[in-house]
$ cat upload.csv   # CSV, C-alpha atoms
chain,number,residue,atom,x,y,z
A,466,MET,CA,15.7,144.1,-101.9
A,467,THR,CA,14.7,142.5,-98.6
A,468,VAL,CA,11.8,144.2,-96.7
A,469,THR,CA,12.3,144.7,-93.0
A,470,ALA,CA,9.8,144.5,-90.2
A,471,ASP,CA,10.0,148.3,-89.7
A,472,GLU,CA,9.2,148.9,-93.4
A,473,VAL,CA,6.3,146.5,-93.1
A,474,THR,CA,4.8,148.5,-90.2
A,475,ASP,CA,5.4,151.8,-92.1
A,476,ALA,CA,3.9,150.6,-95.3
A,477,GLY,CA,0.7,149.1,-93.8
A,478,ALA,CA,-0.6,145.6,-94.3
A,479,GLY,CA,-2.4,146.3,-97.6
A,480,GLN,CA,0.8,147.4,-99.3
A,481,VAL,CA,3.0,144.5,-98.3
A,482,ASP,CA,3.6,141.6,-100.7
A,483,TRP,CA,4.0,138.9,-98.1
A,484,LEU,CA,4.5,136.2,-100.7
A,485,LEU,CA,7.4,138.1,-102.2
A,486,ILE,CA,9.0,138.5,-98.7
A,487,ALA,CA,8.4,134.7,-98.2
A,488,ARG,CA,10.1,133.9,-101.5
A,489,GLU,CA,13.1,136.1,-100.6
A,490,MET,CA,13.3,134.4,-97.3
A,491,ALA,CA,13.1,131.0,-99.0
A,492,ASP,CA,15.8,131.9,-101.5
A,493,ASP,CA,18.0,133.0,-98.6
A,494,LEU,CA,17.4,129.7,-96.7
A,495,ALA,CA,17.9,127.5,-99.7
A,496,THR,CA,21.5,128.7,-100.3
A,497,ASP,CA,22.8,126.7,-97.4
A,498,ALA,CA,19.9,124.6,-96.3
A,499,ALA,CA,21.7,121.2,-96.7
A,500,GLU,CA,24.7,122.4,-94.7
A,501,ARG,CA,22.7,124.0,-91.9
A,502,GLU,CA,20.5,120.9,-91.7
A,503,GLN,CA,23.5,118.6,-91.4
A,504,ALA,CA,25.0,120.9,-88.7
A,505,GLY,CA,21.7,120.7,-86.7
A,506,LYS,CA,22.3,123.9,-84.6
A,507,ALA,CA,19.6,125.7,-82.9
A,508,PRO,CA,17.9,128.0,-85.5
A,509,LEU,CA,18.6,131.3,-83.7
A,510,ASP,CA,19.8,133.0,-86.8
A,511,GLU,CA,16.9,131.7,-88.9
A,512,VAL,CA,14.4,133.0,-86.4
A,513,ALA,CA,16.1,136.3,-86.3
A,514,ARG,CA,15.8,136.5,-90.1
A,515,LEU,CA,12.1,135.7,-89.9
A,516,ARG,CA,11.7,138.4,-87.2
A,517,GLU,CA,13.5,141.0,-89.3
A,518,SER,CA,11.3,140.2,-92.3
A,519,GLY,CA,8.1,140.8,-90.4
A,520,LEU,CA,6.8,137.3,-91.1
A,521,LEU,CA,6.5,136.4,-87.4
A,522,THR,CA,3.7,139.0,-86.9
A,523,LEU,CA,2.0,138.3,-90.2
A,524,LEU,CA,-1.3,137.2,-88.7
A,525,ALA,CA,-1.5,139.9,-86.0
A,526,PRO,CA,-4.0,142.7,-86.5
A,527,ALA,CA,-2.6,145.7,-88.5
A,528,GLY,CA,-4.0,148.0,-85.8
A,529,GLN,CA,-1.6,146.4,-83.3
A,530,GLY,CA,1.4,146.7,-85.6
A,531,GLY,CA,1.0,143.3,-87.2
A,532,GLY,CA,0.8,142.2,-90.8
A,533,GLY,CA,-3.0,142.0,-90.8
A,534,ALA,CA,-2.9,139.1,-93.2
A,535,ASP,CA,-5.3,136.2,-93.4
A,536,TRP,CA,-4.7,132.4,-93.1
A,537,ARG,CA,-4.6,132.0,-96.9
A,538,THR,CA,-1.5,134.2,-96.9
A,539,ALA,CA,0.0,132.5,-93.9
A,540,TYR,CA,-0.5,129.0,-95.4
A,541,SER,CA,1.2,130.2,-98.6
A,542,VAL,CA,4.1,131.6,-96.6
A,543,VAL,CA,4.5,128.3,-94.7
A,544,ARG,CA,4.5,126.3,-98.0
A,545,THR,CA,7.0,128.6,-99.6
A,546,VAL,CA,9.4,128.5,-96.7
A,547,ALA,CA,9.0,124.7,-96.2
A,548,ALA,CA,9.9,124.1,-99.9
A,549,ALA,CA,13.3,125.6,-99.1
A,550,ASP,CA,13.8,124.5,-95.6
A,551,GLY,CA,11.3,122.0,-94.2
A,552,ALA,CA,12.3,122.4,-90.5
A,553,ILE,CA,12.0,126.2,-90.6
A,554,GLY,CA,8.7,125.9,-92.5
A,555,HIS,CA,7.5,123.5,-89.7
A,556,LEU,CA,8.6,125.9,-87.0
A,557,LEU,CA,6.9,128.9,-88.7
A,558,GLY,CA,3.6,127.0,-89.3
A,559,HIS,CA,3.4,126.0,-85.6
A,560,HIS,CA,4.3,129.6,-84.6
A,561,TYR,CA,1.3,130.9,-86.7
A,562,PHE,CA,-1.1,128.4,-85.2
A,563,LEU,CA,0.0,128.7,-81.6
A,564,SER,CA,0.1,132.5,-81.8
A,565,PHE,CA,-3.5,132.4,-83.0
A,566,THR,CA,-4.8,130.1,-80.2
A,567,ALA,CA,-5.9,133.0,-78.0
A,568,ARG,CA,-8.5,133.9,-80.6
A,569,PHE,CA,-9.9,130.4,-80.5
A,570,PHE,CA,-9.8,129.7,-76.7
A,571,ALA,CA,-9.6,133.1,-74.9
A,572,GLY,CA,-12.0,135.9,-74.7
A,573,PRO,CA,-11.7,138.9,-77.1
A,574,ALA,CA,-10.1,141.2,-74.5
A,575,ARG,CA,-7.5,138.6,-73.4
A,576,ALA,CA,-6.7,137.7,-77.0
A,577,ALA,CA,-6.2,141.3,-77.9
A,578,ARG,CA,-3.9,141.8,-75.0
A,579,VAL,CA,-1.8,138.8,-75.8
A,580,GLU,CA,-1.5,139.7,-79.5
A,581,ARG,CA,-0.5,143.2,-78.7
A,582,GLU,CA,2.2,142.0,-76.4
A,583,SER,CA,3.3,139.4,-78.9
A,584,THR,CA,3.6,142.0,-81.7
A,585,GLU,CA,5.4,144.5,-79.5
A,586,GLY,CA,7.9,141.8,-78.4
A,587,GLN,CA,8.2,140.1,-81.8
A,588,TRP,CA,7.6,136.8,-80.1
A,589,CYS,CA,8.3,133.5,-81.7
A,590,TRP,CA,5.8,131.0,-80.3
A,591,GLY,CA,6.4,127.3,-79.6
A,592,GLY,CA,5.0,124.5,-77.6
A,593,GLY,CA,2.1,122.2,-78.5
A,594,ILE,CA,-1.4,121.3,-77.4
A,595,ALA,CA,-1.8,117.9,-79.1
A,596,SER,CA,-4.5,115.8,-77.6
A,597,HIS,CA,-2.3,112.7,-77.4
A,598,GLU,CA,0.3,114.4,-75.2
A,599,PRO,CA,0.1,113.4,-71.5
A,600,PRO,CA,-1.4,116.5,-69.7
A,601,LEU,CA,0.7,118.8,-67.5
A,602,ILE,CA,-0.9,119.6,-64.2
A,603,LEU,CA,-2.1,123.2,-63.4
A,604,THR,CA,-2.6,123.8,-59.7
A,605,PRO,CA,-4.5,126.9,-58.4
A,606,THR,CA,-2.7,129.1,-55.9
A,607,ALA,CA,-3.5,132.3,-54.1
A,608,SER,CA,-1.9,134.4,-56.8
A,609,GLY,CA,-2.6,132.3,-59.9
A,610,HIS,CA,-1.4,128.8,-60.8
A,611,LEU,CA,1.6,126.5,-60.8
A,612,LEU,CA,2.4,124.3,-63.8
A,613,ASN,CA,4.1,121.0,-63.3
A,614,GLY,CA,4.9,118.0,-65.5
A,615,TYR,CA,6.7,116.7,-68.5
A,616,GLN,CA,5.8,117.0,-72.2
A,617,ARG,CA,7.4,114.5,-74.6
A,618,TYR,CA,7.6,116.8,-77.6
A,619,ALA,CA,7.0,120.5,-78.3
A,620,THR,CA,8.1,122.5,-81.4
A,621,GLY,CA,10.4,125.4,-80.9
A,622,VAL,CA,11.1,124.9,-77.2
A,623,GLY,CA,14.8,125.7,-77.7
A,624,ILE,CA,14.2,129.1,-79.1
A,625,ALA,CA,10.6,130.3,-78.4
A,626,ASP,CA,9.8,133.5,-76.6
A,627,ARG,CA,6.5,132.0,-75.4
A,628,LEU,CA,5.1,128.5,-75.2
A,629,VAL,CA,1.5,127.4,-75.4
A,630,VAL,CA,0.9,124.0,-73.8
A,631,ARG,CA,-1.9,121.7,-72.8
A,632,ALA,CA,-2.5,121.3,-69.0
A,633,ALA,CA,-5.1,119.6,-66.9
A,634,ARG,CA,-6.7,121.5,-64.1
A,635,TYR,CA,-5.9,119.9,-60.7
A,636,GLY,CA,-8.9,118.2,-59.2
A,637,THR,CA,-11.1,118.3,-62.3
A,638,GLY,CA,-8.8,117.1,-65.1
A,639,GLU,CA,-10.2,119.7,-67.5
A,640,PRO,CA,-7.7,120.3,-70.3
A,641,LEU,CA,-6.7,123.9,-70.8
A,642,ALA,CA,-4.5,125.9,-73.2
A,643,VAL,CA,-1.9,127.7,-71.1
A,644,LEU,CA,0.6,130.5,-72.0
A,645,VAL,CA,4.1,130.1,-70.4
A,646,ASP,CA,7.2,132.2,-70.3
A,647,PRO,CA,10.1,129.7,-71.1
A,648,THR,CA,12.7,131.9,-69.5
A,649,HIS,CA,11.5,130.9,-66.0
A,650,PRO,CA,14.1,128.6,-64.4
A,651,GLY,CA,11.5,126.0,-63.8
A,652,VAL,CA,11.2,125.4,-67.6
A,653,VAL,CA,13.8,122.9,-68.7
A,654,SER,CA,13.9,121.9,-72.4
A,655,GLY,CA,15.6,118.8,-73.6
A,656,SER,CA,17.7,118.2,-76.7
A,657,SER,CA,16.2,117.3,-80.0
A,658,GLY,CA,19.4,115.9,-81.4
A,659,ASP,CA,18.1,112.4,-81.6
A,660,SER,CA,15.5,113.2,-84.3
A,661,PHE,CA,16.4,112.0,-87.8
A,662,GLY,CA,14.3,114.8,-89.4
A,663,GLN,CA,13.3,118.4,-88.7
A,664,ARG,CA,16.6,119.0,-87.0
A,665,LEU,CA,16.2,122.8,-87.2
A,666,ALA,CA,12.7,122.9,-85.7
A,667,ALA,CA,14.1,123.3,-82.2
A,668,GLY,CA,11.8,120.7,-80.9
A,669,GLY,CA,12.2,118.3,-78.0
A,670,ALA,CA,11.0,117.4,-74.6
A,671,VAL,CA,10.3,120.1,-71.9
A,672,GLU,CA,9.8,119.8,-68.2
A,673,PHE,CA,7.9,122.3,-66.0
A,674,ASP,CA,8.8,122.5,-62.3
A,675,SER,CA,6.5,124.8,-60.3
A,676,VAL,CA,6.3,127.3,-63.1
A,677,PRO,CA,4.0,130.2,-62.2
A,678,VAL,CA,1.2,131.0,-64.6
A,679,ALA,CA,-1.0,134.1,-64.2
A,680,ALA,CA,-4.7,133.6,-64.3
A,681,ASP,CA,-4.9,135.8,-67.4
A,682,ASP,CA,-2.5,133.4,-69.2
A,683,VAL,CA,-4.9,130.5,-69.0
A,684,PHE,CA,-6.6,130.8,-72.3
A,685,GLY,CA,-9.5,128.4,-71.9
A,686,SER,CA,-10.8,124.9,-72.2
A,687,LEU,CA,-9.7,122.3,-74.7
A,688,SER,CA,-12.3,119.8,-73.6
A,689,PRO,CA,-13.8,117.6,-76.4
A,690,ASP,CA,-17.0,117.2,-74.5
A,691,GLU,CA,-20.1,118.2,-76.3
A,692,GLY,CA,-21.2,121.8,-75.7
A,693,VAL,CA,-18.0,123.0,-74.1
A,694,LEU,CA,-16.4,124.6,-77.2
A,695,SER,CA,-18.2,126.8,-79.6
A,696,PRO,CA,-18.1,125.8,-83.3
A,697,PHE,CA,-15.7,128.7,-83.9
A,698,ALA,CA,-13.3,127.5,-81.3
A,699,SER,CA,-13.5,124.0,-82.8
A,700,LEU,CA,-12.1,125.5,-86.0
A,701,ALA,CA,-8.7,125.3,-84.2
A,702,VAL,CA,-8.5,121.7,-85.4
A,703,PRO,CA,-8.9,122.2,-89.2
A,704,THR,CA,-6.7,125.3,-88.9
A,705,ALA,CA,-3.9,123.2,-87.5
A,706,ARG,CA,-4.5,120.4,-90.0
A,707,LEU,CA,-4.1,122.7,-92.9
A,708,VAL,CA,-0.8,123.9,-91.4
A,709,SER,CA,0.2,120.3,-91.6
A,710,ALA,CA,-1.1,120.0,-95.2
A,711,GLN,CA,0.8,123.1,-96.4
A,712,PHE,CA,4.0,121.9,-94.8
A,713,CYS,CA,3.7,118.5,-96.6
A,714,LEU,CA,3.0,120.2,-99.9
A,715,GLY,CA,6.0,122.5,-99.4
A,716,ILE,CA,8.3,119.6,-98.8
A,717,ALA,CA,7.0,117.7,-101.8
A,718,GLU,CA,7.2,120.7,-104.2
A,719,GLY,CA,10.7,121.7,-102.8
A,720,LEU,CA,12.1,118.3,-103.6
A,721,LEU,CA,10.5,118.2,-107.1
A,722,ASP,CA,12.1,121.6,-107.8
A,723,GLU,CA,15.5,120.4,-106.6
A,724,VAL,CA,15.4,117.2,-108.6
A,725,HIS,CA,14.2,119.1,-111.6
A,726,GLU,CA,17.2,121.5,-111.4
A,727,HIS,CA,19.6,118.7,-110.8
A,728,GLY,CA,18.2,116.6,-113.6
A,729,ARG,CA,18.8,119.4,-116.2
A,730,ALA,CA,22.4,119.7,-115.1
A,731,VAL,CA,23.5,116.1,-115.4
A,732,ARG,CA,23.0,113.1,-117.7
A,733,SER,CA,20.0,110.9,-117.2
A,734,PRO,CA,20.8,108.2,-114.7
A,735,TRP,CA,18.8,105.8,-116.9
A,736,GLN,CA,20.8,106.6,-120.1
A,737,PRO,CA,24.4,106.6,-118.7
A,738,PHE,CA,26.0,106.2,-122.0
A,739,SER,CA,23.9,108.7,-123.9
A,740,PRO,CA,26.0,111.2,-125.8
A,741,GLN,CA,23.4,113.9,-125.0
A,742,PRO,CA,23.3,115.3,-121.5
A,743,TRP,CA,20.1,117.1,-120.4
A,744,PRO,CA,21.5,120.7,-120.2
A,745,GLY,CA,20.3,122.8,-123.1
A,746,SER,CA,17.6,120.4,-124.3
A,747,PRO,CA,14.5,118.9,-122.8
A,748,PRO,CA,15.1,115.5,-121.1
A,749,GLN,CA,13.6,112.6,-123.2
A,750,ASP,CA,14.2,109.7,-120.9
A,751,PRO,CA,10.8,107.9,-120.9
A,752,TYR,CA,11.2,106.6,-117.3
A,753,ALA,CA,12.0,110.1,-116.0
A,754,LEU,CA,9.2,111.7,-117.9
A,755,THR,CA,6.7,109.1,-116.6
A,756,VAL,CA,7.8,109.5,-113.0
A,757,TYR,CA,7.6,113.3,-113.3
A,758,GLY,CA,4.2,113.0,-114.8
A,759,GLU,CA,2.9,110.7,-112.0
A,760,LEU,CA,4.3,112.9,-109.3
A,761,ALA,CA,3.0,116.1,-110.9
A,762,VAL,CA,-0.5,114.6,-110.8
A,763,VAL,CA,-0.1,113.6,-107.1
A,764,ALA,CA,1.2,117.1,-106.1
A,765,ARG,CA,-1.5,119.0,-108.1
A,766,ALA,CA,-4.3,116.9,-106.8
A,767,ALA,CA,-3.3,117.4,-103.2
A,768,SER,CA,-2.8,121.1,-103.8
A,769,ALA,CA,-6.3,121.5,-105.2
A,770,LEU,CA,-7.8,119.7,-102.2
A,771,ALA,CA,-5.8,122.0,-99.9
A,772,GLU,CA,-7.2,125.1,-101.7
A,773,GLN,CA,-10.7,123.8,-101.4
A,774,ALA,CA,-10.2,123.3,-97.6
A,775,VAL,CA,-8.6,126.7,-97.2
A,776,ASP,CA,-11.6,128.4,-98.9
A,777,ALA,CA,-14.0,126.6,-96.5
A,778,LEU,CA,-11.9,127.5,-93.5
A,779,LEU,CA,-11.8,131.2,-94.4
A,780,ARG,CA,-15.6,131.2,-94.8
A,781,GLY,CA,-16.0,129.6,-91.4
A,782,LEU,CA,-13.6,132.0,-89.7
A,783,ALA,CA,-15.5,134.9,-91.2
A,784,GLN,CA,-18.7,133.7,-89.6
A,785,ASP,CA,-17.1,133.9,-86.1
A,786,GLU,CA,-19.7,133.0,-83.5
A,787,ASP,CA,-22.5,132.6,-86.1
A,788,LEU,CA,-20.9,129.3,-87.3
A,789,HIS,CA,-23.0,126.2,-86.9
A,790,ASP,CA,-21.9,122.7,-85.8
A,791,GLU,CA,-22.6,121.1,-89.2
A,792,GLU,CA,-20.7,123.8,-91.0
A,793,CYS,CA,-17.7,123.3,-88.6
A,794,ALA,CA,-17.9,119.5,-89.2
A,795,GLU,CA,-17.8,119.9,-93.0
A,796,ILE,CA,-14.7,122.2,-92.7
A,797,ALA,CA,-13.0,119.8,-90.4
A,798,VAL,CA,-13.6,116.9,-92.8
A,799,LEU,CA,-12.3,118.9,-95.8
A,800,ALA,CA,-9.2,119.8,-93.8
A,801,SER,CA,-8.6,116.1,-92.9
A,802,VAL,CA,-9.1,115.2,-96.6
A,803,ALA,CA,-6.5,117.8,-97.6
A,804,GLU,CA,-4.0,116.7,-94.8
A,805,ALA,CA,-4.3,113.0,-95.7
A,806,ALA,CA,-3.8,113.8,-99.4
A,807,ALA,CA,-0.8,116.1,-98.7
A,808,SER,CA,0.7,113.5,-96.4
A,809,ARG,CA,0.5,110.8,-99.0
A,810,ALA,CA,1.9,113.2,-101.7
A,811,ALA,CA,4.9,114.1,-99.5
A,812,GLN,CA,5.7,110.5,-98.8
A,813,GLU,CA,5.3,109.3,-102.4
A,814,ILE,CA,7.2,112.2,-103.9
A,815,THR,CA,10.1,112.1,-101.4
A,816,ASN,CA,10.4,108.4,-102.1
A,817,ARG,CA,10.1,108.3,-105.9
A,818,ALA,CA,11.5,111.6,-107.0
A,819,LEU,CA,15.0,110.4,-106.0
A,820,GLU,CA,14.7,107.5,-108.4
A,821,VAL,CA,15.0,109.9,-111.3
A,822,VAL,CA,18.3,111.2,-109.9
A,823,GLY,CA,19.6,107.7,-109.3
A,824,VAL,CA,22.7,106.9,-107.2
A,825,GLU,CA,23.7,110.6,-107.2
A,826,ALA,CA,20.7,111.2,-104.8
A,827,ALA,CA,22.7,109.4,-102.1
A,828,SER,CA,25.4,112.0,-102.1
A,829,MET,CA,25.3,114.1,-98.9
A,830,ARG,CA,26.4,117.2,-100.8
A,831,HIS,CA,23.0,117.5,-102.4
A,832,GLY,CA,21.1,117.1,-99.2
A,833,PHE,CA,18.1,115.5,-101.0
A,834,ASP,CA,17.6,113.1,-98.1
A,835,ARG,CA,16.5,115.9,-95.8
A,836,PHE,CA,13.2,116.3,-97.7
A,837,TRP,CA,12.4,112.6,-97.1
A,838,ARG,CA,13.5,112.8,-93.4
A,839,ASP,CA,11.6,116.0,-92.7
A,840,ALA,CA,8.4,114.6,-94.3
A,841,ARG,CA,8.7,111.2,-92.7
A,842,THR,CA,9.3,112.6,-89.2
A,843,HIS,CA,6.1,114.7,-89.6
A,844,THR,CA,3.9,111.9,-91.0
A,845,LEU,CA,5.0,109.6,-88.2
A,846,ARG,CA,3.7,112.1,-85.7
A,847,GLU,CA,0.5,112.6,-87.7
A,848,PRO,CA,-0.5,109.3,-89.3
A,849,ALA,CA,-2.9,109.7,-92.2
A,850,ALA,CA,-4.8,106.5,-91.1
A,851,HIS,CA,-6.5,108.5,-88.3
A,852,ARG,CA,-7.8,111.1,-90.7
A,853,LEU,CA,-9.0,108.5,-93.1
A,854,ARG,CA,-11.1,106.8,-90.4
A,855,GLU,CA,-12.7,110.1,-89.5
A,856,ILE,CA,-13.4,110.9,-93.1
A,857,GLY,CA,-15.0,107.5,-93.6
A,858,ASP,CA,-17.1,107.8,-90.5
A,859,TYR,CA,-18.4,111.2,-91.6
A,860,PHE,CA,-19.3,110.2,-95.1
A,861,LEU,CA,-20.8,106.9,-94.1
A,862,ASN,CA,-22.4,107.7,-90.8
A,863,GLY,CA,-22.5,111.5,-90.6
A,864,ALA,CA,-20.3,111.4,-87.5
A,865,HIS,CA,-18.7,114.7,-86.7
A,866,PRO,CA,-14.9,114.5,-86.4
A,867,SER,CA,-13.7,114.6,-82.8
A,868,PHE,CA,-11.9,117.5,-81.3
A,869,VAL,CA,-8.3,116.1,-81.6
A,870,LEU,CA,-5.5,118.7,-82.0
A,871,PRO,CA,-2.5,117.6,-84.0
A,872,ALA,CA,1.1,117.7,-82.8

$ encode --input "upload.csv" --output "structure tokens"
Amino acid sequence: MTVTADEVTDAGAGQVDWLLIAREMADDLATDAAEREQAGKAPLDEVARLRESGLLTLLAPAGQGGGGADWRTAYSVVRTVAAADGAIGHLLGHHYFLSFTARFFAGPARAARVERESTEGQWCWGGGIASHEPPLILTPTASGHLLNGYQRYATGVGIADRLVVRAARYGTGEPLAVLVDPTHPGVVSGSSGDSFGQRLAAGGAVEFDSVPVAADDVFGSLSPDEGVLSPFASLAVPTARLVSAQFCLGIAEGLLDEVHEHGRAVRSPWQPFSPQPWPGSPPQDPYALTVYGELAVVARAASALAEQAVDALLRGLAQDEDLHDEECAEIAVLASVAEAAASRAAQEITNRALEVVGVEAASMRHGFDRFWRDARTHTLREPAAHRLREIGDYFLNGAHPSFVLPA
């Protein structure tokens, strides 16, 4: 039985099994994931299903009608959904992070107001505040601000109820996190049809032409300069990096599950003339067993690192403004370690797992290629090499990771 958003609110956060709801959602998405991915339509129906399930308001406080869940639960939900449909998992993970940004960068009263409005409206959040995006320009006016400029890529721009974007204050260049209503006619989103992966993430370019922004919708500074952000606000970076890690792990585990099910239903591609197909008996092909063993090690090692990083992040979030710089740096490094390991796991598994299937893996009806394309699209935007350099600099020189937000 599927749990609806109204039932979630009536039951209370403590009585809701969010992982069960996520598994039901994943099972639903998996039935036609390959067909939907190949069609590449805007994920309006998929977002409606997420909204109906209550998963969109998972992280919002229970007192405001939200799920009242923590980031450990949110990460597990992202991973579960990504295993069935990578693009929707990517969209949901970015929604969770962006809907949480007010807690990092705005004051408590402003954050409470935004989360209350978001929960009441069942908003799906999109956008992006990546450090490598060219900044938009935020110009003060008598009644607030005007936002202008062009952003090359933002997640969910085609379907989001609200966007969070990075803008530079006119005159000073200070980077700011800004909340925008995408229904304004000055917001023009471009097509994401040229992407070879994550076709259902509703991502693409977006242009802002004199879009009004209320003063209360400017969350706060994103400046990496020392002393500007509190250690708690700096936890935005590891929080986002662990969204990336869980997405990669979901993709990797999803493909392993698909290949496993396929492998037990057909003959081993490495024993084409064997009289014994795999169904009904364990596969004994030594090559297949070796590949599965190697990839299981890769997946479980990356998963263990992610769990360690999530534990550290939750301890840091619980400290709130009592968190110290050194503790924040350690959490950031652990998140970078987890992201780098998960990125490598996703790339290796989506490359090698198909070798077990053989030539059948090239058939479009299976849709195995979508896992590789979703993972590779993500890892091109977030190269592991940058994380490895930060990790090395920390362990060799004690250098704290810089405040660089991922895409």

$ closest_atom_pairs --input "upload.csv" --of "stretch 549-582 of chain A" --to "stretch 697-708 of chain A" --cutoff "9 Å" --atoms "all atoms listed in the file" --output "Markdown table"
| residue | atom | partner | partner_atom | distance |
| --- | --- | --- | --- | --- |
| A:His555 | CA | A:Val708 | CA | 8.5 |
| A:Gly558 | CA | A:Val708 | CA | 5.8 |
| A:His559 | CA | A:Val708 | CA | 7.5 |
| A:Tyr561 | CA | A:Val708 | CA | 8.7 |
| A:Phe562 | CA | A:Ala705 | CA | 6.3 |
| A:Leu563 | CA | A:Ala705 | CA | 9.0 |
| A:Phe565 | CA | A:Ala701 | CA | 8.9 |
| A:Thr566 | CA | A:Ala701 | CA | 7.4 |
| A:Arg568 | CA | A:Ala698 | CA | 8.0 |
| A:Phe569 | CA | A:Ala698 | CA | 4.5 |
| A:Phe570 | CA | A:Ala698 | CA | 6.2 |

$ residues_around --input "upload.csv" --residues "A:Val762" --least-positions-apart "4" --cutoff "12 Å" --atoms "only C-alpha atoms" --output "PDB file with C-alpha atoms, keeping the file's coordinate frame"
ATOM      1  CA  GLU A 718       7.200 120.700-104.200  1.00  0.00           C
ATOM      2  CA  THR A 755       6.700 109.100-116.600  1.00  0.00           C
ATOM      3  CA  VAL A 756       7.800 109.500-113.000  1.00  0.00           C
ATOM      4  CA  TYR A 757       7.600 113.300-113.300  1.00  0.00           C
ATOM      5  CA  GLY A 758       4.200 113.000-114.800  1.00  0.00           C
ATOM      6  CA  ALA A 766      -4.300 116.900-106.800  1.00  0.00           C
ATOM      7  CA  ALA A 767      -3.300 117.400-103.200  1.00  0.00           C
ATOM      8  CA  SER A 768      -2.800 121.100-103.800  1.00  0.00           C
ATOM      9  CA  ALA A 769      -6.300 121.500-105.200  1.00  0.00           C
ATOM     10  CA  ALA A 806      -3.800 113.800 -99.400  1.00  0.00           C
ATOM     11  CA  ALA A 810       1.900 113.200-101.700  1.00  0.00           C
ATOM     12  CA  GLU A 813       5.300 109.300-102.400  1.00  0.00           C
ATOM     13  CA  ILE A 814       7.200 112.200-103.900  1.00  0.00           C
TER      14      ILE A 814
END

$ atom_distance --input "upload.csv" --atom1 "atom CA of A:Ser596" --atom2 "atom CA of A:Pro871"
6.9 Å

$ residues_around --input "upload.csv" --residues "stretch 583-593 of chain A" --least-positions-apart "2" --cutoff "8 Å" --atoms "only C-alpha atoms" --output "PyMOL selection string"
chain A and resi 512+516+521-522+525+529-531+556+559-561+563-564+579-581+595+618-622+624-631+872

$ residues_around --input "upload.csv" --residues "stretch 681-689 of chain A" --least-positions-apart "4" --cutoff "8 Å" --atoms "only C-alpha atoms" --output "mmCIF file with C-alpha atoms, in the frame of the given file"
data_model
loop_
_atom_site.group_PDB
_atom_site.id
_atom_site.type_symbol
_atom_site.label_atom_id
_atom_site.label_comp_id
_atom_site.auth_asym_id
_atom_site.auth_seq_id
_atom_site.Cartn_x
_atom_site.Cartn_y
_atom_site.Cartn_z
ATOM 1 C CA ALA A 567 -5.900 133.000 -78.000
ATOM 2 C CA PHE A 570 -9.800 129.700 -76.700
ATOM 3 C CA ALA A 571 -9.600 133.100 -74.900
ATOM 4 C CA GLY A 572 -12.000 135.900 -74.700
ATOM 5 C CA ARG A 575 -7.500 138.600 -73.400
ATOM 6 C CA GLU A 639 -10.200 119.700 -67.500
ATOM 7 C CA PRO A 640 -7.700 120.300 -70.300
ATOM 8 C CA LEU A 641 -6.700 123.900 -70.800
ATOM 9 C CA ALA A 642 -4.500 125.900 -73.200
ATOM 10 C CA VAL A 643 -1.900 127.700 -71.100
ATOM 11 C CA LEU A 644 0.600 130.500 -72.000
ATOM 12 C CA VAL A 645 4.100 130.100 -70.400
ATOM 13 C CA VAL A 693 -18.000 123.000 -74.100
ATOM 14 C CA LEU A 694 -16.400 124.600 -77.200
ATOM 15 C CA SER A 867 -13.700 114.600 -82.800
ATOM 16 C CA PHE A 868 -11.900 117.500 -81.300
ATOM 17 C CA VAL A 869 -8.300 116.100 -81.600
#
